[in-house]
>>> print(open('data.txt').read())   # compact mmCIF, C-alpha atoms
# COMPACT_ATOMS: atom_id res chain seq x y z
CA MET A 23 17.10 -18.44 -122.26
CA ASP A 24 17.86 -19.23 -125.88
CA ARG A 25 14.83 -19.71 -128.12
CA ILE A 26 15.83 -23.26 -129.16
CA LEU A 27 17.26 -25.88 -126.81
CA TYR A 28 18.88 -29.14 -127.92
CA GLY A 29 17.95 -32.22 -125.88
CA ASP A 30 19.53 -35.62 -125.27
CA ASN A 31 16.80 -38.29 -125.53
CA GLN A 32 18.17 -39.62 -128.80
CA PHE A 33 21.56 -40.31 -127.25
CA PHE A 34 20.16 -42.74 -124.70
CA ALA A 35 17.66 -44.69 -126.81
CA VAL A 36 14.55 -42.81 -125.69
CA ASN A 37 11.91 -42.95 -128.40
CA HIS A 38 8.25 -42.76 -127.41
CA ILE A 39 6.91 -44.38 -130.58
CA SER A 40 9.33 -46.95 -131.96
CA ASP A 41 11.46 -49.59 -130.21
CA ALA A 42 13.28 -50.13 -133.50
CA LYS A 43 14.31 -46.47 -133.60
CA SER A 44 15.43 -46.70 -129.99
CA MET A 45 17.68 -49.61 -130.85
CA ALA A 46 19.09 -47.83 -133.89
CA GLN A 47 19.86 -44.73 -131.83
CA SER A 48 21.51 -46.84 -129.15
CA ILE A 49 23.85 -48.28 -131.76
CA LYS A 50 24.50 -44.93 -133.45
CA PHE A 51 25.45 -43.18 -130.23
CA LYS A 52 27.36 -45.95 -128.50
CA THR A 53 30.50 -43.79 -128.40
CA ASP A 54 31.08 -40.44 -126.74
CA GLU A 55 32.55 -39.17 -129.99
CA ALA A 56 29.23 -39.74 -131.77
CA ILE A 57 27.41 -37.73 -129.11
CA ILE A 58 29.82 -34.80 -129.12
CA ASN A 59 29.78 -34.73 -132.93
CA MET A 60 26.00 -34.31 -132.89
CA ILE A 61 26.24 -31.61 -130.22
CA ASP A 62 28.77 -29.85 -132.46
CA ALA A 63 26.31 -30.14 -135.37
CA ALA A 64 23.70 -28.42 -133.20
CA ARG A 65 26.20 -25.69 -132.35
CA ALA A 66 26.93 -25.21 -136.04
CA SER A 67 23.20 -24.56 -136.51
CA GLY A 68 23.32 -21.79 -133.93
CA LEU A 69 22.26 -23.74 -130.85
CA ASN A 70 24.30 -22.98 -127.74
CA THR A 71 22.27 -24.69 -125.02
CA PHE A 72 22.24 -28.43 -124.36
CA MET A 73 19.49 -29.62 -122.00
CA CYS A 74 20.37 -33.04 -120.66
CA THR A 75 19.81 -35.60 -117.95
CA THR A 76 22.51 -36.57 -115.46
CA HIS A 77 23.12 -39.86 -117.25
CA ASP A 78 26.55 -41.27 -116.39
CA ARG A 79 27.77 -40.76 -119.97
CA ILE A 80 27.08 -37.04 -119.75
CA ALA A 81 30.05 -36.89 -117.37
CA ASN A 82 32.28 -37.92 -120.29
CA ILE A 83 30.77 -35.21 -122.48
CA CYS A 84 31.46 -32.66 -119.74
CA ASP A 85 35.10 -33.82 -119.65
CA ILE A 86 35.39 -33.14 -123.39
CA ILE A 87 33.84 -29.68 -122.99
CA ARG A 88 36.16 -28.80 -120.11
CA ALA A 89 39.16 -29.96 -122.13
CA ASN A 90 38.25 -27.54 -124.95
CA PRO A 91 37.37 -24.25 -123.21
CA GLY A 92 37.97 -22.08 -126.28
CA LYS A 93 35.75 -24.17 -128.52
CA TYR A 94 32.88 -24.27 -125.99
CA GLU A 95 33.34 -20.78 -124.53
CA ASN A 96 29.72 -19.71 -124.96
CA PHE A 97 28.17 -23.14 -124.55
CA LYS A 98 25.61 -23.75 -121.81
CA ILE A 99 24.20 -26.91 -120.26
CA TYR A 100 20.85 -27.18 -118.49
CA PRO A 101 21.14 -30.25 -116.20
CA CYS A 102 17.93 -32.18 -115.47
CA MET A 103 17.95 -34.31 -112.35
CA PRO A 104 17.63 -36.93 -111.10
CA TYR A 105 18.20 -39.46 -113.89
CA ALA A 106 15.76 -42.04 -112.53
CA HIS A 107 17.11 -45.01 -114.51
CA LYS A 108 20.54 -44.51 -112.97
CA TYR A 109 19.15 -44.95 -109.47
CA ALA A 110 16.84 -47.79 -110.48
CA ASN A 111 19.77 -49.68 -112.00
CA ALA A 112 21.88 -49.00 -108.92
CA VAL A 113 19.17 -50.38 -106.63
CA THR A 114 19.07 -53.54 -108.76
CA GLU A 115 22.84 -53.96 -108.59
CA LEU A 116 23.66 -52.61 -105.12
CA GLY A 117 20.41 -52.70 -103.15
CA ILE A 118 18.84 -49.69 -101.46
CA GLN A 119 21.55 -49.26 -98.83
CA GLY A 120 24.33 -49.69 -101.38
CA THR A 121 22.72 -47.11 -103.66
CA ILE A 122 22.44 -44.53 -100.89
CA LYS A 123 26.02 -45.20 -99.83
CA GLN A 124 27.21 -44.65 -103.40
CA TYR A 125 25.29 -41.45 -104.10
CA VAL A 126 24.98 -39.80 -100.68
CA PRO A 127 28.44 -38.64 -99.59
CA GLY A 128 30.14 -38.39 -96.23
CA ASN A 129 29.08 -39.62 -92.79
CA PHE A 130 25.45 -38.90 -93.61
CA PHE A 131 25.03 -42.56 -94.61
CA GLY A 132 25.72 -43.90 -91.13
CA THR A 133 23.55 -41.29 -89.46
CA LEU A 134 20.75 -42.05 -91.89
CA PHE A 135 20.48 -45.69 -90.92
CA LYS A 136 20.92 -45.06 -87.21
CA GLY A 137 17.95 -42.71 -87.29
CA GLY A 138 15.80 -44.85 -89.59
CA MET A 139 12.71 -43.51 -91.34
CA ALA A 140 12.10 -40.84 -88.71
CA PHE A 141 15.43 -39.32 -89.65
CA VAL A 142 14.59 -39.56 -93.33
CA SER A 143 11.32 -37.70 -92.78
CA LYS A 144 12.97 -35.06 -90.63
CA ASP A 145 15.84 -34.35 -92.96
CA PHE A 146 14.32 -35.05 -96.36
CA LEU A 147 15.40 -31.64 -97.63
CA LYS A 148 18.97 -32.27 -96.50
CA ILE A 149 19.03 -35.57 -98.37
CA MET A 150 17.74 -33.76 -101.46
CA GLU A 151 20.50 -31.16 -101.18
CA LEU A 152 23.18 -33.86 -100.92
CA LEU A 153 21.80 -35.64 -103.97
CA ILE A 154 21.75 -32.38 -105.94
CA ASP A 155 25.40 -31.81 -105.02
CA ALA A 156 26.26 -35.35 -106.09
CA GLU A 157 24.51 -34.91 -109.45
CA MET A 158 26.12 -31.51 -110.07
CA LYS A 159 29.70 -32.72 -109.62
CA MET A 160 29.96 -33.73 -113.27
CA PHE A 161 29.16 -30.15 -114.38
CA LYS A 162 31.89 -28.46 -112.34
CA GLY A 163 33.42 -25.60 -114.33
CA ILE A 164 30.63 -25.61 -116.96
CA ASN A 165 28.06 -22.84 -117.39
CA THR A 166 24.77 -24.20 -115.98
CA PRO A 167 22.48 -21.15 -115.70
CA VAL A 168 19.29 -23.23 -115.33
CA ILE A 169 19.00 -26.49 -113.37
CA PHE A 170 15.85 -28.60 -113.69
CA LEU A 171 14.00 -31.05 -111.50
CA GLN A 172 12.89 -33.98 -113.66
CA ASN A 173 9.18 -34.68 -114.09
CA VAL A 174 9.40 -38.07 -112.37
CA ILE A 175 10.10 -36.22 -109.10
CA THR A 176 8.29 -32.97 -109.84
CA ASP A 177 5.01 -34.75 -110.53
CA LEU A 178 5.42 -37.13 -107.59
CA LEU A 179 5.84 -34.15 -105.25
CA LEU A 180 2.96 -32.41 -107.00
CA GLY A 181 0.69 -35.40 -106.48
CA LEU A 182 1.66 -35.69 -102.81
CA GLY A 183 1.19 -31.96 -102.26
CA MET A 184 4.79 -31.61 -101.01
CA VAL A 185 5.11 -27.95 -101.88
CA GLU A 186 7.82 -27.43 -99.28
CA VAL A 187 10.14 -29.79 -101.14
CA LEU A 188 9.56 -28.02 -104.46
CA LYS A 189 10.31 -24.74 -102.69
CA GLY A 190 13.37 -26.33 -101.09
CA PHE A 191 14.73 -27.31 -104.51
CA TYR A 192 14.05 -23.82 -105.81
CA ASP A 193 15.83 -22.11 -102.92
CA TYR A 194 18.82 -24.46 -102.91
CA ILE A 195 19.51 -24.07 -106.64
CA LYS A 196 19.36 -20.29 -106.38
CA ASN A 197 21.45 -20.01 -103.23
CA LYS A 198 24.04 -22.76 -103.75
CA TYR A 199 24.52 -22.66 -107.51
CA ASP A 200 23.47 -19.10 -108.36
CA ALA A 201 21.28 -20.58 -111.10
CA GLU A 202 17.64 -20.42 -112.10
CA PRO A 203 15.62 -23.43 -110.91
CA GLY A 204 13.42 -25.09 -113.50
CA PHE A 205 10.71 -27.74 -113.25
CA ILE A 206 9.77 -30.39 -115.82
CA THR A 207 6.19 -31.66 -115.57
CA MET A 208 3.35 -33.45 -117.30
CA ASN A 209 0.82 -31.22 -115.52
CA MET A 210 1.86 -27.64 -116.18
CA PRO A 211 -1.32 -25.81 -114.99
CA ARG A 212 -1.45 -27.58 -111.63
CA LEU A 213 2.29 -27.23 -111.04
CA LEU A 214 2.15 -23.51 -111.77
CA THR A 215 -0.59 -23.09 -109.18
CA MET A 216 1.39 -24.99 -106.55
CA LEU A 217 4.57 -23.01 -107.21
CA GLU A 218 2.62 -19.78 -106.91
CA THR A 219 1.24 -20.87 -103.52
CA ALA A 220 4.88 -21.33 -102.43
CA GLY A 221 5.62 -17.72 -103.35
CA ILE A 222 7.55 -18.61 -106.51
CA THR A 223 6.74 -16.03 -109.17
CA ASN A 224 7.39 -16.34 -112.90
CA PRO A 225 8.86 -19.86 -112.61
CA ILE A 226 10.61 -21.73 -115.43
CA ILE A 227 8.42 -24.71 -116.40
CA CYS A 228 9.19 -27.23 -119.14
CA PHE A 229 6.15 -29.21 -120.27
CA SER A 230 4.65 -31.18 -123.14
CA MET A 231 2.89 -28.96 -125.66
CA ASN A 232 1.43 -30.46 -128.80
CA LYS A 233 -1.76 -30.82 -130.82
CA LEU A 234 -2.49 -34.38 -129.68
CA ASN A 235 -2.66 -33.92 -125.87
CA PHE A 236 0.38 -36.21 -125.63
CA ARG A 237 1.45 -36.23 -121.97
CA MET A 238 -0.60 -33.12 -121.22
CA SER A 239 -2.52 -33.77 -118.01
CA GLY A 240 -5.52 -31.45 -117.94
CA GLY A 241 -5.84 -31.23 -121.70
CA LYS A 242 -4.75 -28.96 -124.52
CA GLY A 243 -7.47 -26.37 -123.93
CA LEU A 244 -6.36 -25.74 -120.35
CA TYR A 245 -2.73 -25.48 -121.45
CA GLU A 246 -3.60 -22.93 -124.12
CA GLU A 247 -5.64 -20.88 -121.66
CA THR A 248 -2.87 -20.99 -119.05
CA LEU A 249 -0.33 -19.76 -121.61
CA LYS A 250 -2.61 -16.88 -122.53
CA THR A 251 -3.56 -15.72 -119.06
CA ARG A 252 -0.80 -16.55 -116.56
CA LYS A 253 2.78 -15.44 -116.04
CA PHE A 254 5.61 -17.97 -116.18
CA ARG A 255 8.61 -18.81 -118.36
CA ALA A 256 7.46 -21.61 -120.64
CA ILE A 257 9.56 -24.23 -122.38
CA ALA A 258 7.69 -26.51 -124.77
CA MET A 259 8.86 -30.11 -125.16
CA GLN A 260 7.53 -33.21 -126.90
CA VAL A 261 6.09 -30.90 -129.52
CA LEU A 262 5.95 -33.74 -132.06
CA GLY A 263 3.62 -35.73 -129.82
CA GLY A 264 6.15 -38.53 -129.51
CA GLY A 265 6.69 -38.52 -133.27
CA ALA A 266 3.01 -38.72 -134.27
CA ILE A 267 2.80 -35.15 -135.65
CA PRO A 268 4.65 -34.04 -138.81
CA PRO A 269 7.42 -31.62 -137.77
CA LYS A 270 6.21 -28.63 -139.79
CA GLU A 271 2.65 -28.95 -138.50
CA ALA A 272 3.85 -29.46 -134.92
CA LEU A 273 6.20 -26.48 -134.91
CA GLU A 274 3.68 -24.19 -136.57
CA TYR A 275 1.27 -24.90 -133.71
CA VAL A 276 3.79 -24.31 -130.92
CA CYS A 277 5.29 -21.17 -132.48
CA LYS A 278 1.88 -19.48 -132.42
CA PHE A 279 2.09 -19.04 -128.65
CA PRO A 280 4.06 -15.86 -127.90
CA ASN A 281 4.40 -16.83 -124.23
CA ILE A 282 6.43 -19.94 -125.06
CA GLU A 283 9.94 -18.67 -124.47
CA ALA A 284 11.87 -21.73 -125.64
CA ILE A 285 11.37 -24.95 -127.59
CA LEU A 286 13.22 -28.14 -126.63
CA PHE A 287 13.83 -30.83 -129.22
CA GLY A 288 16.10 -33.76 -129.88
CA ALA A 289 17.40 -34.95 -133.23
CA SER A 290 19.84 -37.64 -134.25
CA SER A 291 21.02 -36.22 -137.59
CA LYS A 292 22.51 -32.95 -138.77
CA ALA A 293 19.78 -32.59 -141.41
CA ASN A 294 16.98 -32.91 -138.83
CA ILE A 295 18.65 -30.35 -136.60
CA GLU A 296 19.02 -27.88 -139.45
CA ASN A 297 15.44 -28.41 -140.64
CA THR A 298 13.98 -27.99 -137.15
CA VAL A 299 15.95 -24.81 -136.49
CA ALA A 300 15.01 -23.34 -139.87
CA THR A 301 11.33 -24.21 -139.39
CA ILE A 302 11.16 -22.57 -135.96
CA HIS A 303 12.86 -19.43 -137.28
CA HIS A 304 10.44 -19.38 -140.21
CA PHE A 305 7.31 -19.50 -138.06
CA ASP A 306 8.79 -17.07 -135.54
CA SER A 307 9.29 -14.58 -138.35
CA GLN A 308 5.58 -14.72 -139.20
CA LYS A 309 4.73 -13.20 -135.78
CA VAL A 310 1.20 -14.55 -135.77
CA SER A 311 -0.43 -14.87 -132.36
CA PHE A 312 -2.64 -17.83 -131.47
>>> encode(input="data.txt", output="structure tokens")
Amino acid sequence: MDRILYGDNQFFAVNHISDAKSMAQSIKFKTDEAIINMIDAARASGLNTFMCTTHDRIANICDIIRANPGKYENFKIYPCMPYAHKYANAVTELGIQGTIKQYVPGNFFGTLFKGGMAFVSKDFLKIMELLIDAEMKMFKGINTPVIFLQNVITDLLLGLGMVEVLKGFYDYIKNKYDAEPGFITMNMPRLLTMLETAGITNPIICFSMNKLNFRMSGGKGLYEETLKTRKFRAIAMQVLGGGAIPPKEALEYVCKFPNIEAILFGASSKANIENTVATIHHFDSQKVSF
């Protein structure tokens, strides 16, 4: 993995602190051109990996990338699925049956409703595989070496103890897409333990890591200890604590952990991208262990 990953929250009005900033970002990135221009600004700063949800508008960005193979020759995308808002909106507009019919392909729809909930329980993993295939269609022909399960599902499965489904996602991504499976979570220590019980060694886990315990179930101390003592491929996100920590202070803290392989961040201006990249490189060059 690259050391620094560029995220997409800013493109879809996700701001954990300010509704006003969310609205401003929504206006700024209302066109696909505005999004691709910011991705190009990240590329100009040396970032070659875009970690994004499967938002419908990402399909348009993928079309632009496919149409310019020379320009994006070394560019990678890390898809994160499912995009929960997409399905929630579809349920509102189409109902549950209409949503399944839209996103689950083939004759599986008819079989699903003939069998009812017993069929759903029996073939839950098959449904998951079909939904993964549906989400991955937009990335056809694009380099997607890591594919993530979003925290809304990861943590639901974690809470229900459904380790077989987490293992099913892991196996399907490796076997069908020849990619590394990744998991996004708000409870990194507990997820790591569950993945290890499933026989998954050295997993890729993306999790909140910041000085304020923002979205860190179990607490900062446990996270620090887990990073020091256990083996996994760590990606730190939400390092600014939702915007409550000054960038320099936040990045200095995260860069002190040698076991954090990558840092994920989002930024809505070229200057913020350049400053974040430069700050991470600066603290990395200090090579001071926590």
>>> residues_around(input="data.txt", residues="segment 285-298 of chain A", least_positions_apart="6", cutoff="10 Å", atoms="all atoms listed in the file", output="mmCIF file with C-alpha atoms, in the coordinates of the input")
data_model
loop_
_atom_site.group_PDB
_atom_site.id
_atom_site.type_symbol
_atom_site.label_atom_id
_atom_site.label_comp_id
_atom_site.auth_asym_id
_atom_site.auth_seq_id
_atom_site.Cartn_x
_atom_site.Cartn_y
_atom_site.Cartn_z
ATOM 1 C CA ASP A 24 17.860 -19.230 -125.880
ATOM 2 C CA ARG A 25 14.830 -19.710 -128.120
ATOM 3 C CA ILE A 26 15.830 -23.260 -129.160
ATOM 4 C CA LEU A 27 17.260 -25.880 -126.810
ATOM 5 C CA TYR A 28 18.880 -29.140 -127.920
ATOM 6 C CA GLY A 29 17.950 -32.220 -125.880
ATOM 7 C CA ASP A 30 19.530 -35.620 -125.270
ATOM 8 C CA ASN A 31 16.800 -38.290 -125.530
ATOM 9 C CA GLN A 32 18.170 -39.620 -128.800
ATOM 10 C CA PHE A 33 21.560 -40.310 -127.250
ATOM 11 C CA GLN A 47 19.860 -44.730 -131.830
ATOM 12 C CA LYS A 50 24.500 -44.930 -133.450
ATOM 13 C CA PHE A 51 25.450 -43.180 -130.230
ATOM 14 C CA ALA A 56 29.230 -39.740 -131.770
ATOM 15 C CA ILE A 57 27.410 -37.730 -129.110
ATOM 16 C CA ASN A 59 29.780 -34.730 -132.930
ATOM 17 C CA MET A 60 26.000 -34.310 -132.890
ATOM 18 C CA ILE A 61 26.240 -31.610 -130.220
ATOM 19 C CA ASP A 62 28.770 -29.850 -132.460
ATOM 20 C CA ALA A 63 26.310 -30.140 -135.370
ATOM 21 C CA ALA A 64 23.700 -28.420 -133.200
ATOM 22 C CA ARG A 65 26.200 -25.690 -132.350
ATOM 23 C CA ALA A 66 26.930 -25.210 -136.040
ATOM 24 C CA SER A 67 23.200 -24.560 -136.510
ATOM 25 C CA GLY A 68 23.320 -21.790 -133.930
ATOM 26 C CA LEU A 69 22.260 -23.740 -130.850
ATOM 27 C CA THR A 71 22.270 -24.690 -125.020
ATOM 28 C CA PHE A 72 22.240 -28.430 -124.360
ATOM 29 C CA MET A 73 19.490 -29.620 -122.000
ATOM 30 C CA CYS A 228 9.190 -27.230 -119.140
ATOM 31 C CA PHE A 229 6.150 -29.210 -120.270
ATOM 32 C CA SER A 230 4.650 -31.180 -123.140
ATOM 33 C CA MET A 231 2.890 -28.960 -125.660
ATOM 34 C CA ALA A 256 7.460 -21.610 -120.640
ATOM 35 C CA ILE A 257 9.560 -24.230 -122.380
ATOM 36 C CA ALA A 258 7.690 -26.510 -124.770
ATOM 37 C CA MET A 259 8.860 -30.110 -125.160
ATOM 38 C CA GLN A 260 7.530 -33.210 -126.900
ATOM 39 C CA VAL A 261 6.090 -30.900 -129.520
ATOM 40 C CA LEU A 262 5.950 -33.740 -132.060
ATOM 41 C CA PRO A 269 7.420 -31.620 -137.770
ATOM 42 C CA LYS A 270 6.210 -28.630 -139.790
ATOM 43 C CA LEU A 273 6.200 -26.480 -134.910
ATOM 44 C CA VAL A 276 3.790 -24.310 -130.920
ATOM 45 C CA CYS A 277 5.290 -21.170 -132.480
ATOM 46 C CA HIS A 304 10.440 -19.380 -140.210
#
>>> atom_distance(input="data.txt", atom1="atom CA of Met216 of chain A", atom2="atom CA of Gly264 of chain A")
27.1 Å
>>> atom_distance(input="data.txt", atom1="atom CA of Ala272 of chain A", atom2="atom CA of Thr251 of chain A")
22.3 Å
>>> closest_residue(input="data.txt", among="A:Asn96, A:Phe34, A:Gly263, A:Arg88", to="Arg237 of chain A", atoms="all atoms listed in the file")
A:Gly263
>>> residues_around(input="data.txt", residues="Gly181 of chain A", least_positions_apart="2", cutoff="12 Å", atoms="only C-alpha atoms", output="ChimeraX atom specification")
/A:173-179,183-185,188,207-209,212-213,216
>>> closest_residue(input="data.txt", among="A:Ile164, A:Gly117, A:Thr75, A:Leu152", to="Tyr94 of chain A", atoms="only C-alpha atoms")
A:Ile164
>>> closest_residue(input="data.txt", among="A:Thr301, A:Met160, A:Ala284, A:Leu244", to="Asn82 of chain A", atoms="only C-alpha atoms")
A:Met160
>>> residues_around(input="data.txt", residues="Ile154 of chain A", least_positions_apart="3", cutoff="9 Å", atoms="only C-alpha atoms", output="MDAnalysis selection string")
chainID A and resid 103:104 149:151 157:159 191 194:195
>>> atom_distance(input="data.txt", atom1="atom CA of Glu186 of chain A", atom2="atom CA of Ala156 of chain A")
21.2 Å
>>> closest_residue(input="data.txt", among="A:Val299, A:Tyr192, A:Lys52, A:Pro211", to="Gly243 of chain A", atoms="all atoms listed in the file")
A:Pro211
>>> residues_around(input="data.txt", residues="Lys242 of chain A", least_positions_apart="4", cutoff="10 Å", atoms="all atoms listed in the file", output="ChimeraX atom specification")
/A:230-238,246-248
>>> closest_residue(input="data.txt", among="A:Ile169, A:Lys93, A:Asp78, A:Gly241", to="Ile206 of chain A", atoms="all atoms listed in the file")
A:Ile169
>>> residues_around(input="data.txt", residues="Gly163 of chain A", least_positions_apart="6", cutoff="10 Å", atoms="only C-alpha atoms", output="list in words")
Cys84, Asp85, Ile87, Arg88 and Pro91 of chain A
>>> axis_aligned_box(input="data.txt", around="segment 71-76 of chain A", padding_each_side="3 Å", output="lines of an AutoDock Vina configuration file")
center_x = 21.0
center_y = -30.6
center_z = -120.2
size_x = 9.0
size_y = 17.9
size_z = 15.6
>>> build_atoms(input="data.txt", residues="segment 252-271 of chain A", atoms="N, CA and C atoms", output="tab-separated table (two decimals), in the coordinates of the input")
chain	number	residue	atom	x	y	z
A	252	ARG	N	-1.61	-16.50	-117.78
A	252	ARG	CA	-0.80	-16.55	-116.56
A	252	ARG	C	0.68	-16.31	-116.86
A	253	LYS	N	1.40	-15.87	-115.85
A	253	LYS	CA	2.78	-15.44	-116.04
A	253	LYS	C	3.75	-16.53	-115.57
A	254	PHE	N	4.52	-17.05	-116.49
A	254	PHE	CA	5.61	-17.97	-116.18
A	254	PHE	C	6.49	-18.10	-117.42
A	255	ARG	N	7.67	-18.66	-117.25
A	255	ARG	CA	8.61	-18.81	-118.36
A	255	ARG	C	8.47	-20.22	-118.91
A	256	ALA	N	7.88	-20.32	-120.09
A	256	ALA	CA	7.46	-21.61	-120.64
A	256	ALA	C	8.48	-22.18	-121.61
A	257	ILE	N	8.76	-23.47	-121.43
A	257	ILE	CA	9.56	-24.23	-122.38
A	257	ILE	C	8.70	-25.38	-122.88
A	258	ALA	N	8.50	-25.45	-124.18
A	258	ALA	CA	7.69	-26.51	-124.77
A	258	ALA	C	8.58	-27.69	-125.15
A	259	MET	N	8.16	-28.89	-124.76
A	259	MET	CA	8.86	-30.11	-125.16
A	259	MET	C	7.86	-31.09	-125.74
A	260	GLN	N	8.37	-32.18	-126.30
A	260	GLN	CA	7.53	-33.21	-126.90
A	260	GLN	C	6.51	-32.60	-127.86
A	261	VAL	N	6.98	-31.62	-128.62
A	261	VAL	CA	6.09	-30.90	-129.52
A	261	VAL	C	5.62	-31.78	-130.68
A	262	LEU	N	6.36	-32.83	-130.98
A	262	LEU	CA	5.95	-33.74	-132.06
A	262	LEU	C	4.98	-34.80	-131.59
A	263	GLY	N	4.55	-34.73	-130.33
A	263	GLY	CA	3.62	-35.73	-129.82
A	263	GLY	C	4.20	-37.12	-129.84
A	264	GLY	N	5.49	-37.23	-129.49
A	264	GLY	CA	6.15	-38.53	-129.51
A	264	GLY	C	6.48	-39.03	-130.90
A	265	GLY	N	6.39	-38.15	-131.89
A	265	GLY	CA	6.69	-38.52	-133.27
A	265	GLY	C	5.46	-38.72	-134.12
A	266	ALA	N	4.27	-38.48	-133.55
A	266	ALA	CA	3.01	-38.72	-134.27
A	266	ALA	C	2.57	-37.53	-135.12
A	267	ILE	N	3.19	-36.36	-134.91
A	267	ILE	CA	2.80	-35.15	-135.65
A	267	ILE	C	3.92	-34.78	-136.61
A	268	PRO	N	3.61	-34.49	-137.87
A	268	PRO	CA	4.65	-34.04	-138.81
A	268	PRO	C	5.35	-32.80	-138.27
A	269	PRO	N	6.67	-32.72	-138.39
A	269	PRO	CA	7.42	-31.62	-137.77
A	269	PRO	C	6.92	-30.22	-138.13
A	270	LYS	N	6.64	-29.97	-139.39
A	270	LYS	CA	6.21	-28.63	-139.79
A	270	LYS	C	4.90	-28.26	-139.11
A	271	GLU	N	3.95	-29.19	-139.13
A	271	GLU	CA	2.65	-28.95	-138.50
A	271	GLU	C	2.81	-28.74	-136.99
